[in-house]
Structures are given as structure tokens and as C-alpha cells.
Amino acid sequence: MVVPFIYNIKFMVRNYLILIFFLFSLPAFAEYKGLKKLSKNNSFMDSEGKPYTIDEITNIDETLLIIWNHGSYQDTKIDKCKKKPKWGYEWDGAVVPAVAKLHNKKINNLEIKIYRLCSGVRGLTGNQQNILYDKIKSNGSFELHANWEYKQLKRQKIILEKTKEFYELGFNNIVLAGYSAGGWASLMLLSNNSEIISGAIALNPAFAGPKKEWQDELPNWGELRNIQLGMFNYDESLNALIFAHSHDAYEDTTTLSFLKEFEKVDFIDYSKLKPTSCQWADVDWNMEEHDGHAMPQSECFTEFIEKNNYFINYLKGLF
């Protein structure tokens, strides 16, 4: 009778830790308005984009956890993150199909699980952005007020906090993955926290808005981008898999070329994949020429990834 008793004790302790994890993870950033409500939709996602709970994972120590980070709207808006998003529709907070299909795949002795993290909070107000715009037009630079946080910075704090919680729970094999602003955040966090984050997969990383804005029309966002560039840890390697497209209106293969400076970066230029030859994952019609930034939401991107085995090969290299 000793063995069943010990097993029951371990089971009770595990469930207690999981309960504590979720009780304390939701209000971790209570000062971020809207986060507590939105974070209730955080969940593990299967290969069909359907949510499930951590209770279904019985082998945490043999799990490769991919934390998925969605893209972002403007700073003044809260990003949508539906509990059951439409398949492949990233702007509902869906995991893109190419990543979702990694669910339950085996990487050596590890089984992949995907956690969809809703970290959509508001950032700078319209008035704050106007003040920064006026400052940079008159002074050429600005310093952020101590209490002013743009959305990308808030999201990085939220993602890092959640990553630490998973790590303390026993998930010791963690990879961040994300699209657009989520991809940018994943790279930044890997750069500065490689002791708990093993790698990052970034699909069309960006955060400062369209190039025509941060490069010209809105120099305040160009300066915020420069601030972010200065936050990368250039003394460390960046064991990341990055995808970029030349027809991306936000960040393209040229503007992201600084990432090639890092050791261990695998930078994939997939510009040969034309938006006009690809269909959206959630609807039956083709993309337009300017949809390069949205390519990861397409069926042909999923086929491109699977044909070249990019994700699997990268993950095997990590673990």
C-alpha cells in the first residue's frame, strides 16, 4: 500500500502547484487594465486550434513547451484574443496553422505542447504619442516618462512573467514563438533570458507599425524602435529561427537584416513565396500583393514550412 500512497501524494502536490500557478498568474500585472479579463482565455491549443487545460499534460518534464505570442493592433487598442478563435485567423489570437500543427509532435524524447498567451494590453495613449511626436520633431529625440509604457514593452514583461511561471512549474524546455509583434517580443526576450528560454521562432517580426510610418511619417515610432534595438543583448548569441518577406509593409528582409549579426540566427528569406499565389487559412480566397506581412496565416506558408521541415529541424537542433 506504500506505493499507491506515495503516488497519491505526488498527484495531490502536482495539482496543488498547478492551482497555485493559475491563481497567481492571472493578476500578476493587475495594473495593466484589461489584462485580467483577457488572460482568462489563455490556454493550451491542439493541432486544430482547440483549447485544453494543463491537467491533460501528464509528463511536464518530457514536454517541449512552445509559448505562442500573437500580433498587435495599435497601442491605443486591446488586441483581440478569443477563447475559440477562427482557425488560422491570427487577429482573433489564433495560433497560425504552421505552428499549431506541431502539437504532440516528438522532438527526440520531448513532446510538443503549445500554450497560446493572450497578452493584449493597451500601450501609449493618443495624447502621449502626440507629445513624443512633438518632442522628436523639435529636439530630435525624447526620453520616455517613467510611467509611460508602450504596448511592446508591456507585452514583453507579461510574456517573461508567464515564462518564469511555467519554468518554475517544471517546464524546463521552453521556446517562444510569435507572429509580428509577438515574434519581435520573442526575439527580444530570448536575447536577454537565454537561461530559461531555449529558442525563439519569429514569423515576420515587427512592432512599430508600417515602415512608411516609423521611417518617415511618425518619427516617434522610429525612435521607439531604436530604443528596442538598443535593448537587444548583442554580447550573446541568438539561437532563433526568423522568417522575413520582402513584400512586408512593416519589417522586411532589409530592415530586419541587423538580426543576421547575431551568432546562431537562422534567417529565412521566403520572398519567393508570392502572396497572390496563396490563400488565407480561414477563408477561401487569395491574398493580395501587399499582404506579405500576413503570409504566415496562409496555407501555402504552412506547406512551405512542412516541405522544408524548418520547424522540426530547428527544434531538433535545440534539443
# chains A, B, ... in the order shown; residues from 1 in each chain; ligands from 1
call {"tool": "closest_atom_pairs", "arguments": {"of": "segment 80-164 of chain A", "to": "segment 224-234 of chain A", "cutoff": "10 Å", "atoms": "only C-alpha atoms", "output": "CSV"}}
result
residue,atom,partner,partner_atom,distance
A:Leu132,CA,A:Leu224,CA,9.7
A:Ser141,CA,A:Leu224,CA,9.9
A:Phe142,CA,A:Leu224,CA,9.4
A:Glu143,CA,A:Leu224,CA,9.9
A:Leu144,CA,A:Leu224,CA,9.2
A:Tyr150,CA,A:Leu224,CA,8.6
A:Gln152,CA,A:Gln228,CA,9.1
A:Leu153,CA,A:Gln228,CA,8.7
call {"tool": "residues_around", "arguments": {"residues": "segment 179-192 of chain A", "least_positions_apart": "4", "cutoff": "10 Å", "atoms": "only C-alpha atoms", "output": "number ranges by chain"}}
result
A: 67-73, 90, 95-96, 117, 119, 151-157, 159-160, 163, 175, 196-209, 228-229, 231-243, 250-251, 259, 262, 293-294, 296-297
call {"tool": "write_last_selection", "arguments": {"atoms": "C-alpha atoms", "output": "short mmCIF file (atom, residue, chain, number, x, y, z; two decimals), in the first residue's frame"}}
result
data_model
loop_
_atom_site.label_atom_id
_atom_site.label_comp_id
_atom_site.auth_asym_id
_atom_site.auth_seq_id
_atom_site.Cartn_x
_atom_site.Cartn_y
_atom_site.Cartn_z
CA ILE A 67 4.56 29.71 -25.91
CA TRP A 68 2.69 31.39 -28.78
CA ASN A 69 2.54 35.19 -28.87
CA HIS A 70 0.02 36.93 -31.13
CA GLY A 71 0.41 40.08 -33.20
CA SER A 72 -0.79 43.51 -32.06
CA TYR A 73 -3.07 46.31 -33.12
CA GLU A 90 -4.28 35.46 -36.15
CA VAL A 95 -2.10 30.13 -33.39
CA VAL A 96 -1.01 30.15 -37.03
CA LEU A 117 -0.67 33.53 -24.40
CA SER A 119 -1.02 39.47 -23.59
CA LYS A 151 2.50 48.07 -25.69
CA GLN A 152 5.51 46.08 -26.87
CA LEU A 153 7.33 46.76 -23.60
CA LYS A 154 4.29 45.76 -21.54
CA ARG A 155 3.87 42.59 -23.54
CA GLN A 156 7.49 41.58 -23.03
CA LYS A 157 7.06 41.90 -19.27
CA ILE A 159 5.38 37.10 -21.55
CA LEU A 160 8.51 36.88 -19.41
CA THR A 163 7.52 32.04 -18.97
CA VAL A 175 10.64 28.03 -26.88
CA ILE A 196 15.20 29.91 -19.15
CA ILE A 197 14.29 30.31 -22.84
CA SER A 198 15.91 27.80 -25.19
CA GLY A 199 14.96 29.39 -28.50
CA ALA A 200 12.56 31.53 -30.50
CA ILE A 201 10.62 31.22 -33.75
CA ALA A 202 9.74 34.65 -35.17
CA LEU A 203 7.38 34.98 -38.12
CA ASN A 204 7.63 38.39 -39.79
CA PRO A 205 8.72 40.15 -36.57
CA ALA A 206 7.67 43.80 -36.25
CA PHE A 207 6.15 46.17 -33.73
CA ALA A 208 6.46 49.86 -34.67
CA GLY A 209 3.79 49.93 -37.37
CA GLN A 228 14.11 48.49 -28.73
CA LEU A 229 17.15 47.84 -30.90
CA MET A 231 17.70 46.62 -25.69
CA PHE A 232 18.93 43.54 -27.56
CA ASN A 233 21.84 41.82 -25.84
CA TYR A 234 24.44 41.91 -28.60
CA ASP A 235 27.00 40.15 -26.39
CA GLU A 236 25.03 36.91 -26.58
CA SER A 237 24.18 34.62 -29.45
CA LEU A 238 20.57 34.45 -30.60
CA ASN A 239 19.60 30.86 -31.30
CA ALA A 240 16.49 31.81 -33.23
CA LEU A 241 14.63 30.88 -36.40
CA ILE A 242 13.43 34.02 -38.20
CA PHE A 243 11.22 34.39 -41.27
CA TYR A 250 6.04 46.54 -41.58
CA GLU A 251 9.53 44.99 -41.49
CA LEU A 259 19.39 40.19 -36.82
CA PHE A 262 23.82 37.52 -34.12
CA HIS A 293 3.13 40.63 -43.63
CA ALA A 294 0.17 38.27 -43.31
CA PRO A 296 2.19 33.18 -42.00
CA GLN A 297 -1.61 32.98 -41.86
#
call {"tool": "residues_around", "arguments": {"residues": "segment 40-53 of chain A", "least_positions_apart": "3", "cutoff": "12 Å", "atoms": "only C-alpha atoms", "output": "JSON list (two decimals) with C-alpha atoms, in the first residue's frame"}}
result
[["chain", "number", "residue", "atom", "x", "y", "z"],
["A", 18, "ILE", "CA", -0.95, 23.86, -10.87],
["A", 19, "LEU", "CA", -3.77, 25.51, -8.89],
["A", 22, "PHE", "CA", -3.15, 29.75, -12.24],
["A", 23, "LEU", "CA", -4.42, 31.56, -9.17],
["A", 25, "SER", "CA", -0.62, 34.12, -12.76],
["A", 26, "LEU", "CA", -3.78, 35.99, -13.73],
["A", 27, "PRO", "CA", -3.37, 39.13, -11.62],
["A", 34, "GLY", "CA", -7.96, 44.70, -19.26],
["A", 35, "LEU", "CA", -5.27, 42.05, -18.83],
["A", 36, "LYS", "CA", -7.01, 40.07, -16.09],
["A", 37, "LYS", "CA", -10.17, 39.68, -18.18],
["A", 56, "GLU", "CA", -4.23, 16.99, -19.72],
["A", 57, "ILE", "CA", -0.42, 17.19, -19.66],
["A", 58, "THR", "CA", 0.88, 14.31, -17.55],
["A", 65, "LEU", "CA", 6.61, 23.94, -24.42],
["A", 66, "ILE", "CA", 6.07, 26.46, -27.20],
["A", 67, "ILE", "CA", 4.56, 29.71, -25.91],
["A", 68, "TRP", "CA", 2.69, 31.39, -28.78],
["A", 69, "ASN", "CA", 2.54, 35.19, -28.87],
["A", 70, "HIS", "CA", 0.02, 36.93, -31.13],
["A", 80, "LYS", "CA", -8.46, 40.50, -29.60],
["A", 81, "CYS", "CA", -7.86, 37.06, -28.18],
["A", 82, "LYS", "CA", -10.94, 34.87, -28.44],
["A", 83, "LYS", "CA", -11.29, 31.72, -26.38],
["A", 84, "LYS", "CA", -12.03, 29.71, -29.52],
["A", 85, "PRO", "CA", -10.59, 31.72, -32.40],
["A", 86, "LYS", "CA", -11.35, 31.01, -36.03],
["A", 87, "TRP", "CA", -8.81, 28.57, -37.47],
["A", 88, "GLY", "CA", -5.68, 30.37, -38.59],
["A", 89, "TYR", "CA", -7.13, 33.85, -38.06],
["A", 90, "GLU", "CA", -4.28, 35.46, -36.15],
["A", 92, "ASP", "CA", -8.55, 36.66, -33.17],
["A", 93, "GLY", "CA", -5.47, 35.41, -31.32],
["A", 94, "ALA", "CA", -5.32, 32.09, -33.21],
["A", 95, "VAL", "CA", -2.10, 30.13, -33.39],
["A", 96, "VAL", "CA", -1.01, 30.15, -37.03],
["A", 97, "PRO", "CA", -1.53, 26.74, -38.70],
["A", 98, "ALA", "CA", 2.17, 26.01, -39.29],
["A", 99, "VAL", "CA", 2.79, 26.26, -35.52],
["A", 100, "ALA", "CA", -0.48, 24.64, -34.41],
["A", 101, "LYS", "CA", 0.39, 21.51, -36.39],
["A", 102, "LEU", "CA", 3.42, 20.97, -34.13],
["A", 103, "HIS", "CA", 1.07, 19.87, -31.33],
["A", 104, "ASN", "CA", 2.07, 16.44, -29.94],
["A", 105, "LYS", "CA", 4.97, 16.10, -32.39],
["A", 112, "ILE", "CA", 5.45, 19.44, -28.11],
["A", 113, "LYS", "CA", 2.66, 21.36, -26.37],
["A", 114, "ILE", "CA", 1.56, 24.84, -27.41],
["A", 115, "TYR", "CA", 0.38, 27.49, -24.98],
["A", 116, "ARG", "CA", -1.47, 30.48, -26.51],
["A", 117, "LEU", "CA", -0.67, 33.53, -24.40],
["A", 118, "CYS", "CA", -3.08, 36.46, -24.58],
["A", 119, "SER", "CA", -1.02, 39.47, -23.59],
["A", 120, "GLY", "CA", -3.04, 42.13, -25.35],
["A", 159, "ILE", "CA", 5.38, 37.10, -21.55],
["A", 162, "LYS", "CA", 4.39, 33.78, -17.67],
["A", 282, "ASP", "CA", -9.58, 30.92, -42.66]]
call {"tool": "select_by_dssp", "arguments": {"residues": "segment 75-119 of chain A", "states": "strand (DSSP E)", "output": "VMD selection string"}}
result
chain A and resid 106 to 107 110 to 117
call {"tool": "write_last_selection", "arguments": {"atoms": "C-alpha atoms", "output": "short mmCIF file (atom, residue, chain, number, x, y, z; two decimals), in the first residue's frame"}}
result
data_model
loop_
_atom_site.label_atom_id
_atom_site.label_comp_id
_atom_site.auth_asym_id
_atom_site.auth_seq_id
_atom_site.Cartn_x
_atom_site.Cartn_y
_atom_site.Cartn_z
CA LYS A 106 8.03 14.38 -30.90
CA ILE A 107 11.43 16.06 -30.76
CA LEU A 110 10.15 15.52 -25.84
CA GLU A 111 6.50 16.02 -26.82
CA ILE A 112 5.45 19.44 -28.11
CA LYS A 113 2.66 21.36 -26.37
CA ILE A 114 1.56 24.84 -27.41
CA TYR A 115 0.38 27.49 -24.98
CA ARG A 116 -1.47 30.48 -26.51
CA LEU A 117 -0.67 33.53 -24.40
#
call {"tool": "closest_residue", "arguments": {"among": "A:Asn108, A:Asn139, A:Thr76, A:Asn172", "to": "Phe319 of chain A", "atoms": "only C-alpha atoms"}}
result
A:Asn108
call {"tool": "select_by_dssp", "arguments": {"residues": "segment 155-295 of chain A", "states": "helix (DSSP H, G or I)", "output": "ChimeraX atom specification"}}
result
/A:155-169,181-192,211-217,219-231,257-261,275-277,291-295
call {"tool": "atom_distance", "arguments": {"atom1": "atom CA of Leu124 of chain A", "atom2": "atom CA of Trp91 of chain A"}}
result
20.2 Å
